[in-house]
file structure_29.pdb (PDB, C-alpha atoms)
ATOM      1  CA  MET A 283      -2.188   2.120  88.906
ATOM      2  CA  ARG A 284      -4.310  -0.114  86.682
ATOM      3  CA  ASP A 285      -3.093  -2.328  83.826
ATOM      4  CA  ASP A 286      -4.903  -0.052  81.349
ATOM      5  CA  ASP A 287      -2.822   2.903  82.506
ATOM      6  CA  LEU A 288       0.381   0.893  82.228
ATOM      7  CA  ASP A 289      -0.616  -0.307  78.742
ATOM      8  CA  ARG A 290      -1.371   3.235  77.620
ATOM      9  CA  ILE A 291       1.885   4.687  78.948
ATOM     10  CA  LEU A 292       4.146   1.885  77.763
ATOM     11  CA  SER A 293       2.484   1.682  74.338
ATOM     12  CA  SER A 294       2.993   5.389  73.672
ATOM     13  CA  GLN A 295       6.772   5.242  73.519
ATOM     14  CA  GLN A 296       8.801   7.917  71.776
ATOM     15  CA  GLU A 297       9.859   6.821  68.277
ATOM     16  CA  ILE A 298      13.240   7.753  66.836
ATOM     17  CA  ILE A 299      14.215   8.085  63.191
ATOM     18  CA  PRO A 300      17.486   6.444  62.105
ATOM     19  CA  SER A 301      20.118   8.932  60.978
ATOM     20  CA  SER A 302      20.441   9.602  57.243
ATOM     21  CA  GLY A 303      23.746   7.709  56.989
ATOM     22  CA  PHE A 304      22.505   4.606  58.755
ATOM     23  CA  VAL A 305      21.792   2.524  55.638
ATOM     24  CA  ASP A 306      25.155   3.465  54.103
ATOM     25  CA  ALA A 307      26.964   2.578  57.330
ATOM     26  CA  VAL A 308      25.284  -0.837  57.441
ATOM     27  CA  MET A 309      25.981  -1.501  53.761
ATOM     28  CA  ASP A 310      29.637  -0.485  54.193
ATOM     29  CA  ALA A 311      29.899  -2.969  57.036
ATOM     30  CA  VAL A 312      28.182  -5.629  54.909
ATOM     31  CA  ARG A 313      30.569  -5.012  51.984
ATOM     32  CA  HIS A 314      33.544  -5.164  54.337
ATOM     33  CA  GLU A 315      32.174  -8.391  55.783
ATOM     34  CA  SER A 316      31.700  -9.961  52.345
ATOM     35  CA  GLU A 317      35.212  -8.972  51.237
ATOM     36  CA  THR A 318      36.859 -10.420  54.325
ATOM     37  CA  PRO A 319      37.741 -14.076  53.747
ATOM     38  CA  PRO A 320      36.153 -16.457  56.236
ATOM     39  CA  PRO A 321      38.422 -17.566  59.078
ATOM     40  CA  MET A 322      40.453 -20.635  58.220
ATOM     41  CA  PRO A 323      39.146 -23.615  60.187
ATOM     42  CA  PHE A 324      41.569 -25.459  62.419
ATOM     43  CA  PRO A 325      42.669 -28.684  60.645
ATOM     44  CA  TRP A 326      41.468 -31.062  63.346
ATOM     45  CA  LYS A 327      41.674 -34.170  61.133
ATOM     46  CA  ARG A 328      45.355 -33.612  60.506
ATOM     47  CA  ALA A 329      46.166 -32.354  63.962
ATOM     48  CA  LEU A 330      44.408 -35.005  66.057
ATOM     49  CA  PRO A 331      46.914 -37.860  65.522
ATOM     50  CA  GLY A 332      49.732 -35.484  66.399
ATOM     51  CA  LEU A 333      47.904 -34.242  69.479
ATOM     52  CA  PHE A 334      47.246 -37.786  70.666
ATOM     53  CA  ALA A 335      50.894 -38.717  70.072
ATOM     54  CA  ALA A 336      52.043 -35.623  71.972
ATOM     55  CA  CYS A 337      49.728 -36.415  74.917
ATOM     56  CA  PHE A 338      50.928 -40.031  74.956
ATOM     57  CA  ALA A 339      54.584 -38.938  74.873
ATOM     58  CA  LEU A 340      53.962 -36.412  77.651
ATOM     59  CA  MET A 341      52.269 -39.008  79.827
ATOM     60  CA  SER A 342      55.070 -41.503  79.132
ATOM     61  CA  VAL A 343      57.720 -38.985  80.139
ATOM     62  CA  PHE A 344      55.734 -38.108  83.231
ATOM     63  CA  VAL A 345      55.315 -41.753  84.265
ATOM     64  CA  ALA A 346      58.962 -42.532  83.477
ATOM     65  CA  GLY A 347      59.992 -39.506  85.506
ATOM     66  CA  ILE A 348      58.078 -40.332  88.673
ATOM     67  CA  THR A 349      58.557 -44.116  88.670
ATOM     68  CA  PRO A 350      62.089 -44.055  90.174
ATOM     69  CA  PHE A 351      60.921 -41.772  92.990
ATOM     70  CA  THR A 352      57.943 -43.919  93.856
ATOM     71  CA  ARG A 353      60.182 -47.015  94.017
ATOM     72  CA  GLY A 354      62.662 -45.125  96.160
ATOM     73  CA  THR A 355      65.621 -45.849  93.862
ATOM     74  CA  PRO A 356      66.739 -42.660  92.197
ATOM     75  CA  THR A 357      68.694 -43.067  88.951
ATOM     76  CA  TRP A 358      70.953 -40.125  89.736
ATOM     77  CA  PRO A 359      72.336 -38.791  92.988
ATOM     78  CA  LEU A 360      70.269 -36.093  94.688
ATOM     79  CA  PRO A 361      70.871 -34.213  97.951
ATOM     80  CA  ALA A 362      69.159 -35.944 100.874
ATOM     81  CA  GLY A 363      67.015 -32.867 101.782
ATOM     82  CA  LEU A 364      65.726 -32.461  98.235
ATOM     83  CA  LEU A 365      65.053 -36.183  97.962
ATOM     84  CA  SER A 366      62.977 -36.243 101.128
ATOM     85  CA  SER A 367      61.036 -33.131 100.005
ATOM     86  CA  LEU A 368      60.349 -34.729  96.634
ATOM     87  CA  ASP A 369      59.311 -37.916  98.366
ATOM     88  CA  LEU A 370      56.862 -35.998 100.536
ATOM     89  CA  ILE A 371      55.438 -34.187  97.513
ATOM     90  CA  LEU A 372      55.062 -37.465  95.614
ATOM     91  CA  GLN A 373      53.407 -39.146  98.599
ATOM     92  CA  ALA A 374      50.918 -36.282  98.841
ATOM     93  CA  TRP A 375      50.448 -36.400  95.073
ATOM     94  CA  LYS A 376      49.630 -40.116  95.213
ATOM     95  CA  THR A 377      47.413 -39.772  98.280
ATOM     96  CA  VAL A 378      45.065 -37.250  96.742
ATOM     97  CA  GLY A 379      45.156 -38.874  93.300
ATOM     98  CA  ALA A 380      46.504 -35.689  91.803
ATOM     99  CA  SER A 381      47.390 -37.347  88.491
ATOM    100  CA  TRP A 382      43.755 -38.136  87.868
ATOM    101  CA  ILE A 383      42.675 -34.675  88.972
ATOM    102  CA  ALA A 384      45.217 -33.110  86.626
ATOM    103  CA  LEU A 385      44.102 -35.348  83.775
ATOM    104  CA  ALA A 386      40.441 -34.534  84.448
ATOM    105  CA  LEU A 387      41.240 -30.806  84.485
ATOM    106  CA  ILE A 388      43.120 -31.037  81.195
ATOM    107  CA  VAL A 389      40.284 -32.992  79.549
ATOM    108  CA  SER A 390      37.684 -30.529  80.900
ATOM    109  CA  LEU A 391      39.676 -27.549  79.687
ATOM    110  CA  ALA A 392      40.108 -29.096  76.262
ATOM    111  CA  SER A 393      36.394 -29.904  75.948
ATOM    112  CA  VAL A 394      35.398 -26.378  77.028
ATOM    113  CA  LYS A 395      37.817 -24.858  74.512
ATOM    114  CA  LEU A 396      36.514 -27.140  71.767
ATOM    115  CA  SER A 397      32.867 -26.322  72.620
ATOM    116  CA  MET A 398      33.595 -22.600  72.557
ATOM    117  CA  ARG A 399      35.257 -22.909  69.179
ATOM    118  CA  LEU A 400      32.315 -24.924  67.863
ATOM    119  CA  VAL A 401      29.815 -22.342  69.151
ATOM    120  CA  SER A 402      31.737 -19.447  67.626
ATOM    121  CA  GLY A 403      31.769 -21.307  64.313
ATOM    122  CA  GLN A 404      35.534 -21.473  64.060
ATOM    123  CA  VAL A 405      35.613 -25.232  63.492
TER     124      VAL A 405
ATOM    125  CA  MET B 974       8.453  -4.165  50.435
ATOM    126  CA  SER B 975       6.264  -7.155  51.258
ATOM    127  CA  ALA B 976       7.184 -10.494  52.814
ATOM    128  CA  ALA B 977       7.597 -11.916  49.295
ATOM    129  CA  GLU B 978       9.966  -9.097  48.410
ATOM    130  CA  ASP B 979      11.924  -9.754  51.611
ATOM    131  CA  GLN B 980      12.270 -13.364  50.564
ATOM    132  CA  ALA B 981      13.330 -12.406  47.035
ATOM    133  CA  ALA B 982      15.952 -10.042  48.464
ATOM    134  CA  VAL B 983      17.267 -12.781  50.724
ATOM    135  CA  GLU B 984      17.528 -15.193  47.784
ATOM    136  CA  LYS B 985      19.487 -12.587  45.826
ATOM    137  CA  VAL B 986      21.874 -11.991  48.715
ATOM    138  CA  LEU B 987      22.375 -15.710  49.142
ATOM    139  CA  SER B 988      23.183 -16.033  45.451
ATOM    140  CA  GLY B 989      25.914 -13.394  45.818
ATOM    141  CA  ASP B 990      24.159 -10.069  45.159
ATOM    142  CA  ASN B 991      24.988  -8.207  48.366
ATOM    143  CA  SER B 992      23.406  -4.975  47.147
ATOM    144  CA  ALA B 993      19.982  -6.625  47.560
ATOM    145  CA  PHE B 994      20.540  -6.475  51.294
ATOM    146  CA  GLU B 995      20.125  -2.688  51.104
ATOM    147  CA  GLY B 996      16.385  -3.118  50.495
ATOM    148  CA  ILE B 997      16.112  -5.188  53.649
ATOM    149  CA  VAL B 998      18.031  -2.570  55.639
ATOM    150  CA  ARG B 999      15.866   0.261  54.291
ATOM    151  CA  ARG B1000      12.656  -1.567  55.162
ATOM    152  CA  TRP B1001      13.639  -2.694  58.622
ATOM    153  CA  GLN B1002      15.962   0.066  59.833
ATOM    154  CA  GLY B1003      13.157   1.943  61.641
ATOM    155  CA  PRO B1004      11.775  -1.043  63.576
ATOM    156  CA  LEU B1005      15.206  -2.409  64.479
ATOM    157  CA  VAL B1006      16.602   0.949  65.619
ATOM    158  CA  ASN B1007      13.457   1.662  67.629
ATOM    159  CA  LEU B1008      13.501  -1.761  69.220
ATOM    160  CA  ALA B1009      17.131  -1.174  70.221
ATOM    161  CA  TYR B1010      16.175   2.261  71.541
ATOM    162  CA  ARG B1011      13.534   0.712  73.783
ATOM    163  CA  PHE B1012      16.193  -1.550  75.216
ATOM    164  CA  CYS B1013      18.886   1.084  75.778
ATOM    165  CA  ARG B1014      17.177   4.538  75.675
ATOM    166  CA  ASP B1015      20.198   5.963  73.876
ATOM    167  CA  PRO B1016      19.723   6.902  70.174
ATOM    168  CA  SER B1017      23.367   6.544  69.129
ATOM    169  CA  ARG B1018      23.820   3.252  70.942
ATOM    170  CA  ALA B1019      20.523   2.075  69.424
ATOM    171  CA  GLU B1020      21.923   2.667  65.925
ATOM    172  CA  GLU B1021      25.129   0.812  66.766
ATOM    173  CA  MET B1022      23.149  -2.118  68.126
ATOM    174  CA  ALA B1023      20.815  -2.134  65.106
ATOM    175  CA  GLN B1024      23.803  -2.073  62.730
ATOM    176  CA  GLU B1025      25.298  -5.060  64.518
ATOM    177  CA  ALA B1026      21.905  -6.801  64.324
ATOM    178  CA  PHE B1027      21.784  -6.292  60.544
ATOM    179  CA  LEU B1028      25.328  -7.613  60.236
ATOM    180  CA  ARG B1029      24.486 -10.651  62.298
ATOM    181  CA  ALA B1030      21.395 -11.243  60.158
ATOM    182  CA  TYR B1031      23.511 -10.903  57.010
ATOM    183  CA  ARG B1032      26.025 -13.449  58.303
ATOM    184  CA  SER B1033      23.343 -15.963  59.184
ATOM    185  CA  LEU B1034      20.853 -15.403  56.341
ATOM    186  CA  SER B1035      21.322 -19.001  55.215
ATOM    187  CA  ARG B1036      20.004 -20.168  58.596
ATOM    188  CA  TRP B1037      16.618 -18.496  58.082
ATOM    189  CA  ARG B1038      14.058 -21.269  57.689
ATOM    190  CA  ARG B1039      11.219 -20.183  55.481
ATOM    191  CA  GLU B1040       8.619 -21.590  57.931
ATOM    192  CA  ALA B1041       8.574 -18.251  59.774
ATOM    193  CA  ALA B1042       8.278 -14.798  58.229
ATOM    194  CA  PHE B1043      11.571 -13.060  57.575
ATOM    195  CA  SER B1044      10.571 -10.248  59.944
ATOM    196  CA  THR B1045       9.949 -12.754  62.757
ATOM    197  CA  TRP B1046      13.400 -14.246  62.267
ATOM    198  CA  LEU B1047      15.020 -10.803  61.983
ATOM    199  CA  PHE B1048      13.396  -9.612  65.233
ATOM    200  CA  ALA B1049      14.501 -12.785  66.994
ATOM    201  CA  VAL B1050      18.092 -12.247  65.815
ATOM    202  CA  ALA B1051      17.992  -8.585  66.872
ATOM    203  CA  THR B1052      16.360  -9.322  70.221
ATOM    204  CA  ASN B1053      18.944 -11.945  71.011
ATOM    205  CA  LEU B1054      21.745  -9.520  70.210
ATOM    206  CA  TYR B1055      20.205  -6.612  72.152
ATOM    207  CA  ARG B1056      19.673  -8.767  75.230
ATOM    208  CA  SER B1057      23.246 -10.016  75.276
ATOM    209  CA  GLU B1058      24.586  -6.542  74.484
ATOM    210  CA  LEU B1059      22.718  -5.020  77.423
ATOM    211  CA  ARG B1060      23.841  -7.778  79.744
ATOM    212  CA  ARG B1061      27.403  -7.000  78.661
ATOM    213  CA  ILE B1062      27.066  -3.228  79.122
ATOM    214  CA  PRO B1063      23.915  -2.451  81.161
ATOM    215  CA  VAL B1064      21.916   0.745  80.769
ATOM    216  CA  ARG B1065      22.880   3.374  83.313
ATOM    217  CA  THR B1066      19.781   4.152  85.355
ATOM    218  CA  VAL B1067      19.306   7.346  87.326
ATOM    219  CA  PRO B1068      17.470   7.359  90.686
ATOM    220  CA  LEU B1069      13.960   8.763  90.474
ATOM    221  CA  ASP B1070      14.917  11.724  92.665
ATOM    222  CA  ASP B1071      17.451  12.866  90.066
ATOM    223  CA  VAL B1072      14.846  13.214  87.338
ATOM    224  CA  VAL B1073      14.870  16.678  85.761
ATOM    225  CA  GLU B1074      11.854  18.810  86.610
ATOM    226  CA  PRO B1075       9.015  18.056  84.180
ATOM    227  CA  MET B1076       8.170  20.403  81.321
ATOM    228  CA  ASP B1077       4.667  18.984  80.998
ATOM    229  CA  GLN B1078       2.262  21.092  83.047
ATOM    230  CA  GLN B1079      -0.956  19.270  82.171
ATOM    231  CA  PRO B1080      -2.505  17.928  85.400
ATOM    232  CA  ILE B1081      -3.652  14.318  85.621
ATOM    233  CA  ASP B1082      -4.721  12.195  88.611
ATOM    234  CA  GLY B1083      -5.035  15.143  90.961
ATOM    235  CA  ASP B1084      -1.807  17.072  91.324
ATOM    236  CA  LEU B1085       0.473  14.473  89.799
ATOM    237  CA  GLN B1086       1.362  15.409  86.244
ATOM    238  CA  ALA B1087       1.286  13.110  83.238
ATOM    239  CA  GLY B1088       4.926  13.677  82.342
ATOM    240  CA  ASP B1089       6.093  12.730  85.847
ATOM    241  CA  ARG B1090       4.047   9.594  85.915
ATOM    242  CA  ASP B1091       5.046   8.437  82.431
ATOM    243  CA  ARG B1092       8.715   8.987  83.207
ATOM    244  CA  ALA B1093       8.351   7.127  86.489
ATOM    245  CA  VAL B1094       6.720   4.183  84.711
ATOM    246  CA  ARG B1095       9.453   3.968  82.047
ATOM    247  CA  ARG B1096      12.167   4.324  84.651
ATOM    248  CA  SER B1097      10.594   1.557  86.716
ATOM    249  CA  VAL B1098      10.604  -0.778  83.707
ATOM    250  CA  PHE B1099      14.390  -0.417  83.600
ATOM    251  CA  ALA B1100      14.619  -1.272  87.279
ATOM    252  CA  LEU B1101      12.950  -4.663  86.695
ATOM    253  CA  PRO B1102      15.018  -7.872  86.479
ATOM    254  CA  PRO B1103      16.112  -8.467  82.842
ATOM    255  CA  LYS B1104      13.702 -11.301  82.031
ATOM    256  CA  TYR B1105      10.642  -9.233  83.010
ATOM    257  CA  ARG B1106      12.008  -6.010  81.516
ATOM    258  CA  GLU B1107      12.769  -7.667  78.162
ATOM    259  CA  THR B1108       9.346  -9.312  78.023
ATOM    260  CA  LEU B1109       7.550  -6.045  78.773
ATOM    261  CA  ILE B1110       9.634  -4.070  76.263
ATOM    262  CA  LEU B1111       8.973  -6.581  73.484
ATOM    263  CA  PHE B1112       5.283  -6.954  74.359
ATOM    264  CA  TYR B1113       4.657  -3.234  73.923
ATOM    265  CA  PHE B1114       6.974  -2.991  70.919
ATOM    266  CA  HIS B1115       4.933  -5.700  69.168
ATOM    267  CA  GLY B1116       1.676  -3.846  69.857
ATOM    268  CA  MET B1117       0.773  -6.040  72.853
ATOM    269  CA  ASP B1118       0.924  -9.216  70.770
ATOM    270  CA  VAL B1119       1.906 -12.099  73.054
ATOM    271  CA  ALA B1120       2.601 -14.526  70.178
ATOM    272  CA  SER B1121       5.062 -12.147  68.474
ATOM    273  CA  THR B1122       6.731 -11.475  71.807
ATOM    274  CA  ALA B1123       7.088 -15.196  72.409
ATOM    275  CA  ARG B1124       8.598 -15.721  68.949
ATOM    276  CA  SER B1125      11.107 -12.892  69.429
ATOM    277  CA  LEU B1126      12.179 -14.312  72.769
ATOM    278  CA  ALA B1127      12.031 -17.919  71.565
ATOM    279  CA  LEU B1128       9.858 -18.769  74.571
ATOM    280  CA  PRO B1129       6.498 -20.547  74.956
ATOM    281  CA  VAL B1130       3.454 -18.263  75.002
ATOM    282  CA  GLY B1131       2.590 -19.426  78.524
ATOM    283  CA  THR B1132       5.990 -18.370  79.833
ATOM    284  CA  VAL B1133       5.604 -14.946  78.239
ATOM    285  CA  LYS B1134       2.142 -14.524  79.794
ATOM    286  CA  ALA B1135       3.499 -15.486  83.208
ATOM    287  CA  ARG B1136       6.408 -13.063  82.872
ATOM    288  CA  LEU B1137       4.072 -10.278  81.763
ATOM    289  CA  SER B1138       1.816 -10.845  84.725
ATOM    290  CA  ARG B1139       4.694 -10.979  87.200
ATOM    291  CA  GLY B1140       6.448  -8.040  85.539
ATOM    292  CA  ARG B1141       3.358  -5.874  85.719
ATOM    293  CA  ALA B1142       2.838  -6.787  89.378
ATOM    294  CA  MET B1143       6.445  -5.816  90.161
ATOM    295  CA  LEU B1144       6.035  -2.631  88.177
ATOM    296  CA  ARG B1145       2.875  -1.667  90.087
ATOM    297  CA  SER B1146       4.659  -2.350  93.362
ATOM    298  CA  LYS B1147       7.659  -0.214  92.376
ATOM    299  CA  LEU B1148       5.418   2.558  91.130
ATOM    300  CA  SER B1149       3.371   2.681  94.305
ATOM    301  CA  GLN B1150       6.630   3.230  96.211
ATOM    302  CA  GLN B1151       7.860   5.881  93.794
ATOM    303  CA  LEU B1152       4.741   7.842  92.904
ATOM    304  CA  ILE B1153       3.628   8.517  96.485
ATOM    305  CA  PRO B1154       6.777  10.525  97.397
ATOM    306  CA  LEU B1155       6.451  12.308  94.049
ATOM    307  CA  GLN B1156       2.846  13.226  94.865
ATOM    308  CA  LEU B1157       3.852  14.421  98.353
ATOM    309  CA  ARG B1158       6.653  16.536  96.885
ATOM    310  CA  LYS B1159       4.174  18.233  94.565
ATOM    311  CA  GLU B1160       1.783  18.882  97.425
ATOM    312  CA  ALA B1161       4.538  20.415  99.567
ATOM    313  CA  ARG B1162       5.108  23.197  96.976
TER     314      ARG B1162
END
call {"tool": "encode", "arguments": {"input": "structure_29.pdb", "output": "C-alpha cells"}}
result
Amino acid sequence: MRDDDLDRILSSQQEIIPSSGFVDAVMDAVRHESETPPPMPFPWKRALPGLFAACFALMSVFVAGITPFTRGTPTWPLPAGLLSSLDLILQAWKTVGASWIALALIVSLASVKLSMRLVSGQV
Amino acid sequence: MSAAEDQAAVEKVLSGDNSAFEGIVRRWQGPLVNLAYRFCRDPSRAEEMAQEAFLRAYRSLSRWRREAAFSTWLFAVATNLYRSELRRIPVRTVPLDDVVEPMDQQPIDGDLQAGDRDRAVRRSVFALPPKYRETLILFYFHGMDVASTARSLALPVGTVKARLSRGRAMLRSKLSQQLIPLQLRKEAR
C-alpha cells in the first residue's frame, strides 16, 4: 500500500457531533470548579523547624538507644539469649551501614513526596 | 469566533467572568471531541475526555502565553491529557479476524473491498506503539500539517517527521500481513 492510499484513508475519518448537553455539562463542571475553594497549601515555612527538630530528636533517641549495645554495657538487665541476638543484629546493622541506608531512603522518600506535591500544585 | 475573540473570552474569564468560557467551549467542542474520538474510538469516552480537557484548560488559562494561538495551546493541553488518559486506560483492540462482515460492497483493488481495507488500516494504527500512533493520529487530525502536529506534541518538527516515517513503515508492514489473509478469505468464497 502506498503513502497516498494511507493518507487518503486516514484523512477521511468519521466525524462525530458532540451531544446537545455537552456545553452545559462542561459549564456545570466549570462552575463547580470555580465555586470550590482552592486546596489549602501545606504551611511548610511553619512546619519545617518542627520537622527538623523532630528528625533531630528521633536521631538522638536512636543514637542514645544503640550506644549502650555497641559498647557492650547494657544499662538494664536483659536475658542472655536476647542480648546476643540484639548484638548480632547490631553487628550486621553496623557492617552493612544500615543507618546510612535508612537515612538515604528516608531522604529519598521525602524528596519524592515533595516533588509530587510540587508537580500537583499542592504546595 | 476568531482568535481575537478567543483572547477576549480568555481575558474575561481571567477577570472573573466564568460565563465567557462558554463561548470557548462552543467554538472548540467539535474539534476537541473529535480529536478525543480519534484517540479512543468511543463517542461517550471522547466526550468525557474532551470535558476533562476543557476543565484542565480552564484551570490553567493563566498559563497560556500569548505567543502561540489559543487553539494551539488548547490542542496541546487536550493532547497531553488524551495521551495520559489512554496510557492509564488503553483502548480495547479487537483482532482483525473478529471484525464484523463489511456492509460496503463496492469493489476496490481487485476483490478486496474498500470498507475492509479502511477498517484494517484504522485498526492497524491502534496496534502501533503509542508514540507512532499518537503522531499519526495528530498528523491526520491537523490536516497533515507537521508543524501543528509538532506543536500539539511539544516535539521538534524533525522528531515528528521521523516518527511519521517510521510509523508509516510499521503500518505498511502490519497491513501487508493483515490484508493478504483478508484477500485470500475473499477469494475462497
call {"tool": "closest_atom_pairs", "arguments": {"input": "structure_29.pdb", "of": "chain A", "to": "chain B", "cutoff": "10 Å", "atoms": "all atoms listed in the file", "output": "CSV"}}
result
residue,atom,partner,partner_atom,distance
A:Met283,CA,B:Arg1145,CA,6.4
A:Arg284,CA,B:Arg1145,CA,8.1
A:Asp285,CA,B:Arg1141,CA,7.6
A:Asp287,CA,B:Asp1091,CA,9.6
A:Leu288,CA,B:Val1094,CA,7.6
A:Asp289,CA,B:Tyr1113,CA,7.7
A:Arg290,CA,B:Asp1091,CA,9.6
A:Ile291,CA,B:Asp1091,CA,6.0
A:Leu292,CA,B:Tyr1113,CA,6.4
A:Ser293,CA,B:Tyr1113,CA,5.4
A:Ser294,CA,B:Tyr1113,CA,8.8
A:Gln295,CA,B:Arg1011,CA,8.1
A:Gln296,CA,B:Asn1007,CA,8.8
A:Glu297,CA,B:Asn1007,CA,6.3
A:Ile298,CA,B:Asn1007,CA,6.1
A:Ile299,CA,B:Gly1003,CA,6.4
A:Pro300,CA,B:Gly1003,CA,6.3
A:Ser301,CA,B:Glu1020,CA,8.2
A:Phe304,CA,B:Glu1020,CA,7.5
A:Val305,CA,B:Val998,CA,6.3
A:Asp306,CA,B:Glu995,CA,8.5
A:Ala307,CA,B:Gln1024,CA,7.8
A:Val308,CA,B:Gln1024,CA,5.6
A:Met309,CA,B:Glu995,CA,6.5
A:Ala311,CA,B:Leu1028,CA,7.3
A:Val312,CA,B:Leu1028,CA,6.4
A:Arg313,CA,B:Asn991,CA,7.4
A:Glu315,CA,B:Leu1028,CA,8.2
A:Ser316,CA,B:Asn991,CA,8.0
call {"tool": "atom_distance", "arguments": {"input": "structure_29.pdb", "atom1": "CA of Trp1001 in chain B", "atom2": "CA of Leu987 in chain B"}}
result
18.3 Å
call {"tool": "residues_around", "arguments": {"input": "structure_29.pdb", "residues": "range 1038-1052 of chain B", "least_positions_apart": "5", "cutoff": "7 Å", "atoms": "only C-alpha atoms", "output": "number ranges by chain"}}
result
B: 976, 979, 1026, 1030, 1124-1126
call {"tool": "closest_residue", "arguments": {"input": "structure_29.pdb", "among": "A:Asp286, A:Leu400, A:Ser381, A:Ser367", "to": "Phe344 in chain A", "atoms": "only C-alpha atoms"}}
result
A:Ser381
call {"tool": "atom_distance", "arguments": {"input": "structure_29.pdb", "atom1": "CA of Met1143 in chain B", "atom2": "CA of Tyr1105 in chain B"}}
result
9.0 Å
call {"tool": "atom_distance", "arguments": {"input": "structure_29.pdb", "atom1": "CA of Lys327 in chain A", "atom2": "CA of Val345 in chain A"}}
result
27.9 Å
call {"tool": "closest_residue", "arguments": {"input": "structure_29.pdb", "among": "B:Ser975, B:Thr1108, B:Gln980, B:Ser1097", "to": "Ser1121 in chain B", "atoms": "all atoms listed in the file"}}
result
B:Thr1108
call {"tool": "closest_residue", "arguments": {"input": "structure_29.pdb", "among": "B:Leu1111, B:Val986, B:Pro1063, B:Ala1093", "to": "Gln1150 in chain B", "atoms": "all atoms listed in the file"}}
result
B:Ala1093
call {"tool": "build_atoms", "arguments": {"input": "structure_29.pdb", "residues": "range 299-317 of chain A", "atoms": "N, CA and C atoms", "output": "PDB file, keeping the file's coordinate frame"}}
result
ATOM      1  N   ILE A 299      13.980   8.318  64.622  1.00  0.00           N
ATOM      2  CA  ILE A 299      14.215   8.085  63.191  1.00  0.00           C
ATOM      3  C   ILE A 299      15.702   7.816  63.005  1.00  0.00           C
ATOM      4  N   PRO A 300      16.057   6.718  62.323  1.00  0.00           N
ATOM      5  CA  PRO A 300      17.486   6.444  62.105  1.00  0.00           C
ATOM      6  C   PRO A 300      18.149   7.597  61.353  1.00  0.00           C
ATOM      7  N   SER A 301      19.411   7.834  61.640  1.00  0.00           N
ATOM      8  CA  SER A 301      20.118   8.932  60.978  1.00  0.00           C
ATOM      9  C   SER A 301      20.235   8.655  59.485  1.00  0.00           C
ATOM     10  N   SER A 302      20.462   9.733  58.703  1.00  0.00           N
ATOM     11  CA  SER A 302      20.441   9.602  57.243  1.00  0.00           C
ATOM     12  C   SER A 302      21.547   8.662  56.730  1.00  0.00           C
ATOM     13  N   GLY A 303      22.642   8.557  57.464  1.00  0.00           N
ATOM     14  CA  GLY A 303      23.746   7.709  56.989  1.00  0.00           C
ATOM     15  C   GLY A 303      23.680   6.277  57.491  1.00  0.00           C
ATOM     16  N   PHE A 304      22.572   5.931  58.138  1.00  0.00           N
ATOM     17  CA  PHE A 304      22.505   4.606  58.755  1.00  0.00           C
ATOM     18  C   PHE A 304      22.605   3.480  57.716  1.00  0.00           C
ATOM     19  N   VAL A 305      21.808   3.596  56.653  1.00  0.00           N
ATOM     20  CA  VAL A 305      21.792   2.524  55.638  1.00  0.00           C
ATOM     21  C   VAL A 305      23.181   2.378  55.020  1.00  0.00           C
ATOM     22  N   ASP A 306      23.808   3.518  54.704  1.00  0.00           N
ATOM     23  CA  ASP A 306      25.155   3.465  54.103  1.00  0.00           C
ATOM     24  C   ASP A 306      26.149   2.810  55.055  1.00  0.00           C
ATOM     25  N   ALA A 307      26.035   3.156  56.343  1.00  0.00           N
ATOM     26  CA  ALA A 307      26.964   2.578  57.330  1.00  0.00           C
ATOM     27  C   ALA A 307      26.790   1.059  57.397  1.00  0.00           C
ATOM     28  N   VAL A 308      25.536   0.613  57.381  1.00  0.00           N
ATOM     29  CA  VAL A 308      25.284  -0.837  57.441  1.00  0.00           C
ATOM     30  C   VAL A 308      25.814  -1.504  56.174  1.00  0.00           C
ATOM     31  N   MET A 309      25.546  -0.880  55.011  1.00  0.00           N
ATOM     32  CA  MET A 309      25.981  -1.501  53.761  1.00  0.00           C
ATOM     33  C   MET A 309      27.510  -1.515  53.639  1.00  0.00           C
ATOM     34  N   ASP A 310      28.160  -0.477  54.171  1.00  0.00           N
ATOM     35  CA  ASP A 310      29.637  -0.485  54.193  1.00  0.00           C
ATOM     36  C   ASP A 310      30.137  -1.667  55.015  1.00  0.00           C
ATOM     37  N   ALA A 311      29.501  -1.849  56.170  1.00  0.00           N
ATOM     38  CA  ALA A 311      29.899  -2.969  57.036  1.00  0.00           C
ATOM     39  C   ALA A 311      29.641  -4.302  56.343  1.00  0.00           C
ATOM     40  N   VAL A 312      28.518  -4.388  55.629  1.00  0.00           N
ATOM     41  CA  VAL A 312      28.182  -5.629  54.909  1.00  0.00           C
ATOM     42  C   VAL A 312      29.212  -5.896  53.810  1.00  0.00           C
ATOM     43  N   ARG A 313      29.567  -4.842  53.062  1.00  0.00           N
ATOM     44  CA  ARG A 313      30.569  -5.012  51.984  1.00  0.00           C
ATOM     45  C   ARG A 313      31.904  -5.454  52.580  1.00  0.00           C
ATOM     46  N   HIS A 314      32.281  -4.806  53.687  1.00  0.00           N
ATOM     47  CA  HIS A 314      33.544  -5.164  54.337  1.00  0.00           C
ATOM     48  C   HIS A 314      33.512  -6.627  54.775  1.00  0.00           C
ATOM     49  N   GLU A 315      32.358  -7.009  55.312  1.00  0.00           N
ATOM     50  CA  GLU A 315      32.174  -8.391  55.783  1.00  0.00           C
ATOM     51  C   GLU A 315      32.304  -9.381  54.620  1.00  0.00           C
ATOM     52  N   SER A 316      31.685  -9.011  53.477  1.00  0.00           N
ATOM     53  CA  SER A 316      31.700  -9.961  52.345  1.00  0.00           C
ATOM     54  C   SER A 316      33.080 -10.044  51.698  1.00  0.00           C
ATOM     55  N   GLU A 317      33.863  -8.949  51.835  1.00  0.00           N
ATOM     56  CA  GLU A 317      35.212  -8.972  51.237  1.00  0.00           C
ATOM     57  C   GLU A 317      36.230  -9.686  52.117  1.00  0.00           C
TER      58      GLU A 317
END
